[in-house]
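Chemist: Okay, so here is target17.cif, and as you'll see once you scroll down, it has mmCIF, C-alpha atoms and all ligand atoms.
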data_my_file
#
loop_
_atom_site.label_atom_id
_atom_site.label_comp_id
_atom_site.auth_asym_id
_atom_site.auth_seq_id
_atom_site.Cartn_x
_atom_site.Cartn_y
_atom_site.Cartn_z
CA MET A 1 67.36 93.95 76.17
CA SER A 2 67.60 96.72 73.63
CA LEU A 3 65.29 99.68 73.20
CA ARG A 4 64.01 101.07 69.93
CA ILE A 5 63.21 104.74 70.19
CA ALA A 6 61.12 106.45 67.53
CA ALA A 7 61.39 110.24 67.46
CA VAL A 8 60.18 113.22 65.47
CA GLY A 9 59.82 116.95 66.10
CA ASP A 10 58.37 119.98 64.36
CA VAL A 11 55.31 118.28 62.95
CA HIS A 12 53.66 121.75 63.17
CA LEU A 13 50.13 120.43 63.02
CA GLY A 14 47.07 122.54 62.32
CA ALA A 15 43.56 121.92 61.06
CA ASP A 16 44.87 122.11 57.48
CA VAL A 17 47.06 119.02 57.86
CA GLY A 18 45.02 117.12 60.48
CA GLY A 19 45.01 113.34 59.99
CA ARG A 20 47.79 113.40 57.42
CA TYR A 21 50.58 112.49 59.82
CA ARG A 22 48.57 109.86 61.69
CA SER A 23 48.53 107.58 58.66
CA HIS A 24 52.32 107.21 58.96
CA LEU A 25 52.02 105.89 62.52
CA THR A 26 50.27 102.68 61.51
CA GLY A 27 52.44 99.73 62.52
CA ILE A 28 54.84 101.84 64.59
CA GLU A 29 54.71 99.20 67.35
CA GLU A 30 56.57 96.82 65.05
CA LYS A 31 59.38 99.32 64.54
CA ALA A 32 59.73 100.97 67.95
CA ASP A 33 59.02 100.59 71.68
CA VAL A 34 58.34 104.25 72.44
CA LEU A 35 57.67 107.48 70.50
CA LEU A 36 59.30 110.74 71.56
CA LEU A 37 58.03 114.11 70.25
CA ALA A 38 60.61 116.90 70.20
CA GLY A 39 58.31 119.96 70.32
CA ASP A 40 56.76 122.38 67.82
CA LEU A 41 53.78 120.11 67.63
CA THR A 42 51.63 123.08 66.54
CA ARG A 43 52.13 126.18 64.44
CA HIS A 44 50.54 128.87 66.64
CA GLY A 45 50.14 127.09 69.98
CA THR A 46 46.36 127.47 70.03
CA LEU A 47 44.05 125.06 71.81
CA GLU A 48 42.44 124.16 68.49
CA GLU A 49 45.82 123.05 67.15
CA GLY A 50 46.49 121.27 70.46
CA GLU A 51 43.34 119.25 69.78
CA VAL A 52 44.70 118.26 66.33
CA VAL A 53 47.90 117.06 68.04
CA VAL A 54 45.86 115.05 70.54
CA GLN A 55 43.89 113.34 67.76
CA GLU A 56 47.07 112.63 65.81
CA PHE A 57 49.03 110.98 68.63
CA ARG A 58 46.43 109.55 71.04
CA ASP A 59 45.81 105.83 71.64
CA LEU A 60 48.98 104.58 69.97
CA PRO A 61 50.02 101.02 70.91
CA ILE A 62 53.34 102.33 72.34
CA PRO A 63 53.96 105.02 75.01
CA VAL A 64 54.35 108.61 73.77
CA VAL A 65 56.48 111.24 75.53
CA ALA A 66 56.52 114.87 74.35
CA VAL A 67 58.10 118.22 75.05
CA LEU A 68 56.70 121.50 73.73
CA GLY A 69 58.50 123.91 71.41
CA ASN A 70 58.58 127.66 70.89
CA HIS A 71 55.63 127.53 68.48
CA ASP A 72 53.58 125.74 71.13
CA HIS A 73 54.19 128.76 73.41
CA HIS A 74 53.12 131.42 70.90
CA SER A 75 49.54 131.79 72.16
CA ASP A 76 50.61 131.71 75.83
CA LYS A 77 48.79 128.44 76.42
CA PRO A 78 51.59 125.88 76.96
CA ALA A 79 50.18 124.60 80.25
CA GLU A 80 46.74 124.11 78.70
CA ILE A 81 48.18 122.26 75.70
CA ALA A 82 50.30 120.07 77.99
CA ALA A 83 47.18 119.25 80.04
CA MET A 84 45.25 118.29 76.89
CA LEU A 85 48.04 115.94 75.83
CA ARG A 86 48.28 114.41 79.31
CA ASP A 87 44.51 113.84 79.38
CA ALA A 88 44.96 111.84 76.17
CA GLY A 89 47.66 109.67 77.78
CA ILE A 90 50.67 111.46 76.26
CA MET A 91 53.41 112.17 78.79
CA VAL A 92 54.71 115.75 78.65
CA LEU A 93 58.06 116.71 80.15
CA HIS A 94 58.69 120.18 81.54
CA ASP A 95 62.28 120.07 82.78
CA ASP A 96 61.60 116.83 84.61
CA SER A 97 61.79 113.12 83.94
CA VAL A 98 59.75 110.01 83.41
CA VAL A 99 60.75 106.36 83.65
CA ILE A 100 58.97 103.86 81.41
CA ASP A 101 59.24 100.12 81.83
CA ILE A 102 59.73 98.49 78.44
CA ASN A 103 59.81 94.70 78.69
CA GLY A 104 61.69 94.93 81.97
CA THR A 105 64.16 97.63 80.83
CA ARG A 106 63.74 101.01 82.48
CA LEU A 107 63.95 103.84 79.97
CA GLY A 108 64.44 107.23 81.62
CA VAL A 109 63.60 110.34 79.63
CA VAL A 110 64.62 113.78 80.87
CA GLY A 111 63.78 116.97 79.08
CA GLY A 112 61.82 120.03 78.21
CA LYS A 113 61.77 122.84 75.71
CA GLY A 114 65.35 124.00 76.27
CA PHE A 115 66.31 127.46 75.02
CA GLY A 116 68.91 129.44 73.09
CA GLY A 117 71.99 131.52 73.86
CA GLY A 118 74.58 130.12 71.51
CA PHE A 119 77.61 127.89 71.70
CA ALA A 120 80.83 128.05 73.67
CA GLY A 121 82.96 130.98 72.60
CA LYS A 122 80.12 132.50 70.56
CA CYS A 123 77.37 132.95 73.06
CA ALA A 124 75.49 135.48 75.16
CA SER A 125 76.40 135.88 78.82
CA GLU A 126 74.61 137.16 81.87
CA PHE A 127 75.87 140.70 81.61
CA GLY A 128 74.42 144.13 80.91
CA GLU A 129 70.77 144.89 80.40
CA PRO A 130 68.08 142.97 82.27
CA GLU A 131 66.67 141.69 78.96
CA ILE A 132 69.94 139.92 78.11
CA LYS A 133 70.29 138.60 81.63
CA ALA A 134 66.75 137.22 81.55
CA PHE A 135 67.44 135.50 78.22
CA VAL A 136 70.61 133.80 79.44
CA ASN A 137 69.14 133.07 82.84
CA HIS A 138 66.19 131.22 81.30
CA THR A 139 68.61 128.77 79.64
CA LYS A 140 70.72 128.43 82.79
CA ARG A 141 67.71 127.56 84.92
CA ILE A 142 66.61 124.95 82.42
CA ALA A 143 70.09 123.40 82.25
CA ASP A 144 70.21 123.27 86.07
CA ARG A 145 66.87 121.48 86.24
CA TRP A 146 68.00 118.94 83.66
CA ARG A 147 71.19 118.34 85.61
CA VAL A 148 69.21 117.60 88.77
CA ALA A 149 66.70 115.42 86.91
CA LEU A 150 69.54 113.40 85.35
CA LYS A 151 71.36 113.08 88.67
CA GLU A 152 68.24 111.70 90.33
CA LEU A 153 67.19 109.50 87.42
CA GLU A 154 67.24 105.78 88.10
CA ALA A 155 67.02 103.95 84.80
CA ASP A 156 68.87 101.44 82.61
CA LYS A 157 68.94 103.76 79.58
CA ARG A 158 68.87 107.56 79.63
CA VAL A 159 67.55 109.79 76.85
CA VAL A 160 67.30 113.58 76.84
CA LEU A 161 64.43 115.06 74.84
CA SER A 162 64.64 118.75 73.97
CA HIS A 163 63.26 121.18 71.44
CA TYR A 164 66.28 123.51 71.19
CA SER A 165 69.66 122.04 70.31
CA PRO A 166 72.43 121.43 72.85
CA VAL A 167 75.14 121.30 70.15
CA ASN A 168 75.94 123.13 66.94
CA ASP A 169 76.81 120.02 64.86
CA THR A 170 73.15 119.37 64.17
CA LEU A 171 72.59 122.99 63.09
CA ALA A 172 74.79 122.66 59.99
CA GLY A 173 72.70 123.99 57.12
CA GLU A 174 71.21 126.83 59.17
CA PRO A 175 72.67 130.34 58.80
CA PRO A 176 75.41 130.64 61.48
CA GLU A 177 74.09 134.09 62.41
CA ILE A 178 70.99 132.54 63.99
CA TYR A 179 72.70 129.75 65.96
CA PRO A 180 72.18 131.63 69.27
CA PHE A 181 68.43 131.35 68.68
CA LEU A 182 68.62 127.65 67.90
CA GLY A 183 70.23 126.29 71.02
CA SER A 184 72.73 126.56 73.82
CA TYR A 185 75.86 124.69 74.87
CA LEU A 186 74.72 125.06 78.49
CA LEU A 187 72.25 122.24 77.83
CA ALA A 188 75.01 119.93 76.54
CA GLU A 189 77.28 120.89 79.43
CA ALA A 190 74.64 119.81 81.95
CA ILE A 191 73.93 116.55 80.12
CA ASP A 192 77.62 115.74 79.67
CA ALA A 193 78.16 116.23 83.41
CA GLU A 194 75.55 113.64 84.35
CA GLY A 195 75.65 111.33 81.35
CA ALA A 196 73.03 110.09 78.89
CA ASP A 197 72.82 107.55 76.08
CA LEU A 198 71.15 109.77 73.48
CA ILE A 199 69.95 113.35 73.02
CA LEU A 200 67.06 114.18 70.69
CA HIS A 201 66.00 117.66 69.61
CA GLY A 202 64.14 119.53 66.88
CA HIS A 203 63.72 123.25 66.07
CA ALA A 204 66.46 123.56 63.43
CA HIS A 205 64.44 122.73 60.31
CA MET A 206 67.39 123.28 57.98
CA GLY A 207 69.92 121.52 60.19
CA THR A 208 71.50 118.08 60.04
CA GLU A 209 70.40 114.83 61.68
CA LYS A 210 73.60 113.64 63.35
CA GLY A 211 75.84 115.25 65.92
CA ILE A 212 77.77 114.56 69.10
CA THR A 213 78.47 116.36 72.38
CA SER A 214 81.95 117.15 73.73
CA ALA A 215 81.72 114.09 75.97
CA GLY A 216 80.69 111.87 73.06
CA ILE A 217 76.95 111.58 73.61
CA ARG A 218 75.11 111.07 70.34
CA VAL A 219 72.75 113.89 69.32
CA ARG A 220 70.01 113.53 66.71
CA ASN A 221 68.05 116.43 65.19
CA VAL A 222 64.69 114.83 64.50
CA ALA A 223 62.90 117.88 63.05
CA LEU A 224 60.55 116.48 60.41
CA PRO A 225 62.00 118.56 57.53
CA VAL A 226 65.49 117.28 58.46
CA LEU A 227 64.45 113.62 58.65
CA GLY A 228 62.21 113.77 55.58
CA ARG A 229 60.67 110.57 56.91
CA ALA A 230 57.82 110.11 59.38
CA TYR A 231 60.17 109.46 62.31
CA GLY A 232 63.68 108.27 63.03
CA VAL A 233 64.26 105.02 64.94
CA TYR A 234 67.30 104.78 67.19
CA CYS A 235 68.24 101.52 68.82
CA LEU A 236 69.97 101.66 72.20
CA ASN A 237 71.81 98.45 72.26
CA GLY A 238 71.57 96.01 75.09
CA GLU A 239 73.04 92.55 74.78
CA GLY A 240 72.11 91.06 71.44
CA GLY A 241 71.32 94.20 69.46
CA CYS A 242 68.05 95.24 67.91
CA MET B 1 64.63 152.83 46.60
CA GLU B 2 64.61 150.61 49.68
CA ALA B 3 67.65 148.34 49.98
CA PRO B 4 66.80 144.74 49.01
CA GLN B 5 68.15 143.39 52.31
CA TYR B 6 65.59 145.44 54.25
CA VAL B 7 62.78 144.27 52.01
CA ALA B 8 63.83 140.64 52.50
CA ALA B 9 64.06 141.15 56.26
CA ARG B 10 60.60 142.73 56.36
CA VAL B 11 59.12 139.81 54.41
CA GLN B 12 60.85 137.30 56.67
CA GLY B 13 59.47 139.12 59.72
CA ALA B 14 55.97 139.13 58.23
CA LEU B 15 56.15 135.39 57.54
CA ALA B 16 57.16 134.73 61.15
CA GLU B 17 54.64 137.08 62.76
CA ASP B 18 51.58 136.90 60.52
CA ASP B 19 48.86 134.70 62.04
CA ARG B 20 48.28 133.06 58.69
CA THR B 21 51.85 131.77 58.41
CA HIS B 22 54.12 131.74 61.50
CA GLU B 23 56.87 130.24 59.37
CA LEU B 24 60.40 130.87 60.63
CA GLY B 25 62.45 128.76 58.29
CA ILE B 26 61.74 130.40 54.95
CA ARG B 27 64.62 131.81 52.96
CA VAL B 28 63.78 135.14 51.33
CA ASP B 29 66.00 136.73 48.68
CA VAL B 30 65.36 139.94 46.75
CA ARG B 31 67.11 140.57 43.42
CA GLY B 32 65.97 143.75 41.68
CA ASP B 33 62.18 143.56 41.46
CA GLN B 34 62.14 139.79 41.96
CA LEU B 35 61.50 138.07 45.30
CA PHE B 36 62.45 134.42 45.79
CA LEU B 37 60.95 132.17 48.47
CA ARG B 38 62.77 128.94 49.29
CA GLY B 39 62.35 126.24 51.91
CA GLN B 40 60.01 123.45 52.90
CA VAL B 41 56.43 123.69 54.13
CA GLY B 42 53.87 121.22 55.39
CA CYS B 43 51.19 121.41 52.72
CA GLN B 44 50.06 123.12 49.53
CA GLU B 45 47.71 125.53 51.38
CA ARG B 46 50.60 126.82 53.53
CA ARG B 47 52.76 127.20 50.45
CA THR B 48 50.16 129.47 48.87
CA LEU B 49 49.54 131.45 52.08
CA ILE B 50 53.25 132.17 52.45
CA ALA B 51 53.39 133.62 48.95
CA ASP B 52 50.29 135.73 49.72
CA VAL B 53 51.79 137.15 52.92
CA ALA B 54 55.12 137.81 51.17
CA ALA B 55 53.34 139.63 48.33
CA GLU B 56 51.50 141.86 50.82
CA ALA B 57 54.73 142.69 52.67
CA ALA B 58 56.57 143.51 49.42
CA PRO B 59 54.07 145.13 47.06
CA GLY B 60 55.34 145.63 43.53
CA LEU B 61 57.80 142.73 43.56
CA THR B 62 57.34 139.65 41.43
CA ILE B 63 57.12 136.63 43.75
CA HIS B 64 58.87 133.41 42.76
CA ASN B 65 57.40 130.70 44.95
CA GLU B 66 60.13 128.06 45.02
CA LEU B 67 58.90 126.50 48.27
CA SER B 68 58.48 122.77 48.27
CA VAL B 69 55.93 120.74 50.21
CA VAL B 70 57.55 118.24 52.59
CA ASP B 71 56.84 114.79 51.39
CA ILE B 72 56.82 112.51 54.44
CA ARG B 73 58.54 109.26 53.53
CA GLU B 74 58.04 106.02 55.41
CA PRO B 75 60.47 105.42 58.30
CA GLU B 76 63.72 103.69 57.35
CA GLU B 77 65.79 101.00 58.99
CA GLU B 78 66.67 101.89 62.57
CA GLU B 79 70.08 103.25 63.50
CA THR B 80 71.88 101.23 66.17
CA LEU B 81 73.82 103.37 68.64
FE FE A 301 59.76 124.09 64.31
FE FE A 302 61.02 125.60 67.07
#
If you convert what's in this file into structure tokens, what do you get?
Ligand SMILES: [Fe+2]
Ligand SMILES: [Fe+2]

Modeler:
Amino acid sequence: MSLRIAAVGDVHLGADVGGRYRSHLTGIEEKADVLLLAGDLTRHGTLEEGEVVVQEFRDLPIPVVAVLGNHDHHSDKPAEIAAMLRDAGIMVLHDDSVVIDINGTRLGVVGGKGFGGGFAGKCASEFGEPEIKAFVNHTKRIADRWRVALKELEADKRVVLSHYSPVNDTLAGEPPEIYPFLGSYLLAEAIDAEGADLILHGHAHMGTEKGITSAGIRVRNVALPVLGRAYGVYCLNGEGGC
Amino acid sequence: MEAPQYVAARVQGALAEDDRTHELGIRVDVRGDQLFLRGQVGCQERRTLIADVAAEAAPGLTIHNELSVVDIREPEEEETL
């Protein structure tokens, strides 16, 4: 049995665009089995914008799993926004996992916001001032939690859902100077160690859709401005194809 | 006269931090007394707000609003992995 995964990130909803995205979700159940949201659902992370997100993605005929992004943290209300989404039946990952049964196939999704730091050979390290250590440590803790979640995950197919990027391939198009703020290789290292079938992320609006980790796991940047279409659909092949 | 790079950086900072915009992915270039805004935004209202905030952060410059509004296309054929 194969799984069709719809994904989009960086919809950056607010009252000014409320209802506009929803119209593109009509008939999604014919194209995909699950919808994954890769963070930056809002612009400012206010509760009012959280409510727009709820209205846009609630009561879809397929399960919806989300992570939050940096914009969703801006007003210091990420827990409240996550609770609003959960109350509307949208699953929200915070460095943990969920397993969804789709026609007898268990799809495991692990993820969270992720964070920055840069890519191997061109990255920050835990050295010097406490501010730098805290920055790098935040990413390390996240990567460790993902590693544990992946190790413990029991599923037929494994997808990692992040906001920040684990690889630099999918950042092509962004100024190289800001790569350390767009993602971290520590995330990819953790995922490569435990294995996954697909990694989805957003955040890099000017990046590129397709990339790959060092171990060969496919990475897709599903930020809405990168896709240019309402969502991408990725088919994880079982026997027989999609 | 202030160096154009600093003006561009100040405008970019204002676009990220101003409550009306919070846009991080806008490219700002200053050439002489001209300021160019490039990138993609979600709707026409945001496009106008960004130009307003940029104009406030760089008074005296002529703003060229070359931002485009993202046109959301219908989803395509799936990709099989
Ligand atoms: Fe974003
Ligand atoms: Fe982001």

Chemist: Using all atoms listed in the file, find which residues of chain A lie within 10 Å of chain B and jot them down as number ranges by chain.

Modeler: A: 2-6, 11-14, 16-17, 20-21, 24-25, 28, 31-32, 43-44, 71, 74, 174, 197-198, 203-206, 218, 224-237, 241-242

Chemist: Would you put the residues from that selection into a file with C-alpha atoms, as a PDB file, in the frame of the given file?

Modeler:
ATOM      1  CA  SER A   2      67.600  96.720  73.630  1.00  0.00           C
ATOM      2  CA  LEU A   3      65.290  99.680  73.200  1.00  0.00           C
ATOM      3  CA  ARG A   4      64.010 101.070  69.930  1.00  0.00           C
ATOM      4  CA  ILE A   5      63.210 104.740  70.190  1.00  0.00           C
ATOM      5  CA  ALA A   6      61.120 106.450  67.530  1.00  0.00           C
ATOM      6  CA  VAL A  11      55.310 118.280  62.950  1.00  0.00           C
ATOM      7  CA  HIS A  12      53.660 121.750  63.170  1.00  0.00           C
ATOM      8  CA  LEU A  13      50.130 120.430  63.020  1.00  0.00           C
ATOM      9  CA  GLY A  14      47.070 122.540  62.320  1.00  0.00           C
ATOM     10  CA  ASP A  16      44.870 122.110  57.480  1.00  0.00           C
ATOM     11  CA  VAL A  17      47.060 119.020  57.860  1.00  0.00           C
ATOM     12  CA  ARG A  20      47.790 113.400  57.420  1.00  0.00           C
ATOM     13  CA  TYR A  21      50.580 112.490  59.820  1.00  0.00           C
ATOM     14  CA  HIS A  24      52.320 107.210  58.960  1.00  0.00           C
ATOM     15  CA  LEU A  25      52.020 105.890  62.520  1.00  0.00           C
ATOM     16  CA  ILE A  28      54.840 101.840  64.590  1.00  0.00           C
ATOM     17  CA  LYS A  31      59.380  99.320  64.540  1.00  0.00           C
ATOM     18  CA  ALA A  32      59.730 100.970  67.950  1.00  0.00           C
ATOM     19  CA  ARG A  43      52.130 126.180  64.440  1.00  0.00           C
ATOM     20  CA  HIS A  44      50.540 128.870  66.640  1.00  0.00           C
ATOM     21  CA  HIS A  71      55.630 127.530  68.480  1.00  0.00           C
ATOM     22  CA  HIS A  74      53.120 131.420  70.900  1.00  0.00           C
ATOM     23  CA  GLU A 174      71.210 126.830  59.170  1.00  0.00           C
ATOM     24  CA  ASP A 197      72.820 107.550  76.080  1.00  0.00           C
ATOM     25  CA  LEU A 198      71.150 109.770  73.480  1.00  0.00           C
ATOM     26  CA  HIS A 203      63.720 123.250  66.070  1.00  0.00           C
ATOM     27  CA  ALA A 204      66.460 123.560  63.430  1.00  0.00           C
ATOM     28  CA  HIS A 205      64.440 122.730  60.310  1.00  0.00           C
ATOM     29  CA  MET A 206      67.390 123.280  57.980  1.00  0.00           C
ATOM     30  CA  ARG A 218      75.110 111.070  70.340  1.00  0.00           C
ATOM     31  CA  LEU A 224      60.550 116.480  60.410  1.00  0.00           C
ATOM     32  CA  PRO A 225      62.000 118.560  57.530  1.00  0.00           C
ATOM     33  CA  VAL A 226      65.490 117.280  58.460  1.00  0.00           C
ATOM     34  CA  LEU A 227      64.450 113.620  58.650  1.00  0.00           C
ATOM     35  CA  GLY A 228      62.210 113.770  55.580  1.00  0.00           C
ATOM     36  CA  ARG A 229      60.670 110.570  56.910  1.00  0.00           C
ATOM     37  CA  ALA A 230      57.820 110.110  59.380  1.00  0.00           C
ATOM     38  CA  TYR A 231      60.170 109.460  62.310  1.00  0.00           C
ATOM     39  CA  GLY A 232      63.680 108.270  63.030  1.00  0.00           C
ATOM     40  CA  VAL A 233      64.260 105.020  64.940  1.00  0.00           C
ATOM     41  CA  TYR A 234      67.300 104.780  67.190  1.00  0.00           C
ATOM     42  CA  CYS A 235      68.240 101.520  68.820  1.00  0.00           C
ATOM     43  CA  LEU A 236      69.970 101.660  72.200  1.00  0.00           C
ATOM     44  CA  ASN A 237      71.810  98.450  72.260  1.00  0.00           C
ATOM     45  CA  GLY A 241      71.320  94.200  69.460  1.00  0.00           C
ATOM     46  CA  CYS A 242      68.050  95.240  67.910  1.00  0.00           C
TER      47      CYS A 242
END

Chemist: Figure out the distance between atom CA of A:Glu189 and atom CA of A:Ala172, please, to one decimal in Å.

Modeler: 19.7 Å

Chemist: Using atom CA of B:Thr62 and atom CA of B:Val30 as the two end points, give the distance in Å to one decimal.

Modeler: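 So the answer is 9.6 Å.
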
Chemist: So that I can see what lies close to stretch 130-142 of chain A, please list as a short mmCIF file (atom, residue, chain, number, x, y, z; two decimals) with C-alpha atoms, in the frame of the given file the residues with an atom at most 9 Å from it, counting all atoms listed in the file and leaving out residues fewer than 5 positions away in the same chain.

Modeler:
data_model
loop_
_atom_site.label_atom_id
_atom_site.label_comp_id
_atom_site.auth_asym_id
_atom_site.auth_seq_id
_atom_site.Cartn_x
_atom_site.Cartn_y
_atom_site.Cartn_z
CA ASP A 95 62.28 120.07 82.78
CA GLY A 112 61.82 120.03 78.21
CA LYS A 113 61.77 122.84 75.71
CA GLY A 114 65.35 124.00 76.27
CA PHE A 115 66.31 127.46 75.02
CA GLY A 116 68.91 129.44 73.09
CA GLY A 117 71.99 131.52 73.86
CA ALA A 124 75.49 135.48 75.16
CA SER A 125 76.40 135.88 78.82
CA ARG A 147 71.19 118.34 85.61
CA SER A 184 72.73 126.56 73.82
CA LEU A 186 74.72 125.06 78.49
CA LEU A 187 72.25 122.24 77.83
#

Chemist: Give me, please, the distance in Å between atom CA of A:Phe181 and atom CA of B:Ser68, quoted to one decimal.

Modeler: 24.3 Å

Chemist: With only C-alpha atoms and all ligand atoms as the atoms that count, which of B:Pro59, B:Arg47, B:Val28, B:Ala16 lies nearest to ligand FE 302 (chain A)?

Modeler: B:Ala16

Chemist: Could you please give me, as number ranges by chain, the residues of protein, DNA or RNA lying at most 12 Å from (62.8, 139.4, 41.5) in the coordinate frame of the file, considering all atoms listed in the file?

Modeler: B: 4, 7-8, 28-37, 55, 58-65

Chemist: I need the chosen residues saved as a CSV table (one decimal), keeping the file's coordinate frame, with C-alpha atoms.

Modeler:
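File produced: out11.csv:
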chain,number,residue,atom,x,y,z
B,4,PRO,CA,66.8,144.7,49.0
B,7,VAL,CA,62.8,144.3,52.0
B,8,ALA,CA,63.8,140.6,52.5
B,28,VAL,CA,63.8,135.1,51.3
B,29,ASP,CA,66.0,136.7,48.7
B,30,VAL,CA,65.4,139.9,46.8
B,31,ARG,CA,67.1,140.6,43.4
B,32,GLY,CA,66.0,143.8,41.7
B,33,ASP,CA,62.2,143.6,41.5
B,34,GLN,CA,62.1,139.8,42.0
B,35,LEU,CA,61.5,138.1,45.3
B,36,PHE,CA,62.4,134.4,45.8
B,37,LEU,CA,61.0,132.2,48.5
B,55,ALA,CA,53.3,139.6,48.3
B,58,ALA,CA,56.6,143.5,49.4
B,59,PRO,CA,54.1,145.1,47.1
B,60,GLY,CA,55.3,145.6,43.5
B,61,LEU,CA,57.8,142.7,43.6
B,62,THR,CA,57.3,139.6,41.4
B,63,ILE,CA,57.1,136.6,43.8
B,64,HIS,CA,58.9,133.4,42.8
B,65,ASN,CA,57.4,130.7,45.0

Chemist: Please check which protein, DNA or RNA residues sit within 8 Å of ligand FE 302 (chain A), counting all atoms listed in the file, and write them as number ranges by chain.

Modeler: A: 10, 39-40, 69-71, 163-164, 182, 202-204

Chemist: Would you pick out the contacts of A:Thr170 at 10 Å or less, using all atoms listed in the file, so that residues sharing its chain but fewer than 5 positions from it are not included, and give the list as a list in words?

Modeler: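 Final neighbour list, sorted by chain and number: Ser165, His201, Gly202, Ala204, Met206, Gly207, Thr208, Glu209, Lys210, Gly211, Ile212, Val219, Arg220, Asn221, Val222 and Val226 of chain A.
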
Chemist: For a quick check of understanding, using all atoms listed in the file, which of A:Asp59, A:Glu29, A:Asp169, A:Asp72 has the smallest distance to ligand FE 301 (chain A)?

Modeler: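 Answer, going by the shortest atom-to-atom distance: A:Asp72.
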
Chemist: Using all atoms listed in the file, which protein or nucleic acid residues come within 12 Å of A:Arg158? Drop anything in the same chain fewer than 6 positions from it, and give the result as an MDAnalysis selection string.

Modeler: chainID A and resid 3 5 97:100 105:111 149:152 191:192 194:200 217:218 236

Chemist: Output C-alpha atoms for every residue in the selection just made, as an mmCIF file, in the coordinates of the input.

Modeler:
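Dumped everything to part.cif:
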data_model
loop_
_atom_site.group_PDB
_atom_site.id
_atom_site.type_symbol
_atom_site.label_atom_id
_atom_site.label_comp_id
_atom_site.auth_asym_id
_atom_site.auth_seq_id
_atom_site.Cartn_x
_atom_site.Cartn_y
_atom_site.Cartn_z
ATOM 1 C CA LEU A 3 65.290 99.680 73.200
ATOM 2 C CA ILE A 5 63.210 104.740 70.190
ATOM 3 C CA SER A 97 61.790 113.120 83.940
ATOM 4 C CA VAL A 98 59.750 110.010 83.410
ATOM 5 C CA VAL A 99 60.750 106.360 83.650
ATOM 6 C CA ILE A 100 58.970 103.860 81.410
ATOM 7 C CA THR A 105 64.160 97.630 80.830
ATOM 8 C CA ARG A 106 63.740 101.010 82.480
ATOM 9 C CA LEU A 107 63.950 103.840 79.970
ATOM 10 C CA GLY A 108 64.440 107.230 81.620
ATOM 11 C CA VAL A 109 63.600 110.340 79.630
ATOM 12 C CA VAL A 110 64.620 113.780 80.870
ATOM 13 C CA GLY A 111 63.780 116.970 79.080
ATOM 14 C CA ALA A 149 66.700 115.420 86.910
ATOM 15 C CA LEU A 150 69.540 113.400 85.350
ATOM 16 C CA LYS A 151 71.360 113.080 88.670
ATOM 17 C CA GLU A 152 68.240 111.700 90.330
ATOM 18 C CA ILE A 191 73.930 116.550 80.120
ATOM 19 C CA ASP A 192 77.620 115.740 79.670
ATOM 20 C CA GLU A 194 75.550 113.640 84.350
ATOM 21 C CA GLY A 195 75.650 111.330 81.350
ATOM 22 C CA ALA A 196 73.030 110.090 78.890
ATOM 23 C CA ASP A 197 72.820 107.550 76.080
ATOM 24 C CA LEU A 198 71.150 109.770 73.480
ATOM 25 C CA ILE A 199 69.950 113.350 73.020
ATOM 26 C CA LEU A 200 67.060 114.180 70.690
ATOM 27 C CA ILE A 217 76.950 111.580 73.610
ATOM 28 C CA ARG A 218 75.110 111.070 70.340
ATOM 29 C CA LEU A 236 69.970 101.660 72.200
#

Chemist: With distances taken over all atoms listed in the file, which residue among A:Asn168, A:Thr42, A:Ser23, A:Ser214 lies nearest ligand FE 301 (chain A)?

Modeler: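 Answer, going by the shortest atom-to-atom distance: A:Thr42.
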
Chemist: Which residues, protein or nucleic acid, reach to within 8 Å of (76.0, 128.9, 65.9) in the file's coordinates when using only C-alpha atoms, and can you give that as a PyMOL selection string?

Modeler: chain A and resi 118-119+122+168+171+175-180+182

Chemist: Since the input is missing atoms, can you rebuild N, CA and C atoms for stretch 80-88 of chain A and write them as an mmCIF file, in the coordinates of the input?

Modeler:
data_model
loop_
_atom_site.group_PDB
_atom_site.id
_atom_site.type_symbol
_atom_site.label_atom_id
_atom_site.label_comp_id
_atom_site.auth_asym_id
_atom_site.auth_seq_id
_atom_site.Cartn_x
_atom_site.Cartn_y
_atom_site.Cartn_z
ATOM 1 N N GLU A 80 48.029 124.675 79.145
ATOM 2 C CA GLU A 80 46.740 124.110 78.700
ATOM 3 C C GLU A 80 46.974 123.014 77.659
ATOM 4 N N ILE A 81 47.905 123.269 76.734
ATOM 5 C CA ILE A 81 48.180 122.260 75.700
ATOM 6 C C ILE A 81 48.779 121.011 76.341
ATOM 7 N N ALA A 82 49.700 121.223 77.295
ATOM 8 C CA ALA A 82 50.300 120.070 77.990
ATOM 9 C C ALA A 82 49.214 119.264 78.697
ATOM 10 N N ALA A 83 48.260 119.946 79.317
ATOM 11 C CA ALA A 83 47.180 119.250 80.040
ATOM 12 C C ALA A 83 46.317 118.446 79.067
ATOM 13 N N MET A 84 46.050 119.023 77.889
ATOM 14 C CA MET A 84 45.250 118.290 76.890
ATOM 15 C C MET A 84 45.955 117.011 76.466
ATOM 16 N N LEU A 85 47.271 117.114 76.254
ATOM 17 C CA LEU A 85 48.040 115.940 75.830
ATOM 18 C C LEU A 85 48.043 114.888 76.943
ATOM 19 N N ARG A 86 48.241 115.360 78.182
ATOM 20 C CA ARG A 86 48.280 114.410 79.310
ATOM 21 C C ARG A 86 46.940 113.708 79.465
ATOM 22 N N ASP A 87 45.849 114.449 79.280
ATOM 23 C CA ASP A 87 44.510 113.840 79.380
ATOM 24 C C ASP A 87 44.338 112.738 78.343
ATOM 25 N N ALA A 88 45.069 112.844 77.237
ATOM 26 C CA ALA A 88 44.960 111.840 76.170
ATOM 27 C C ALA A 88 46.005 110.738 76.348
#
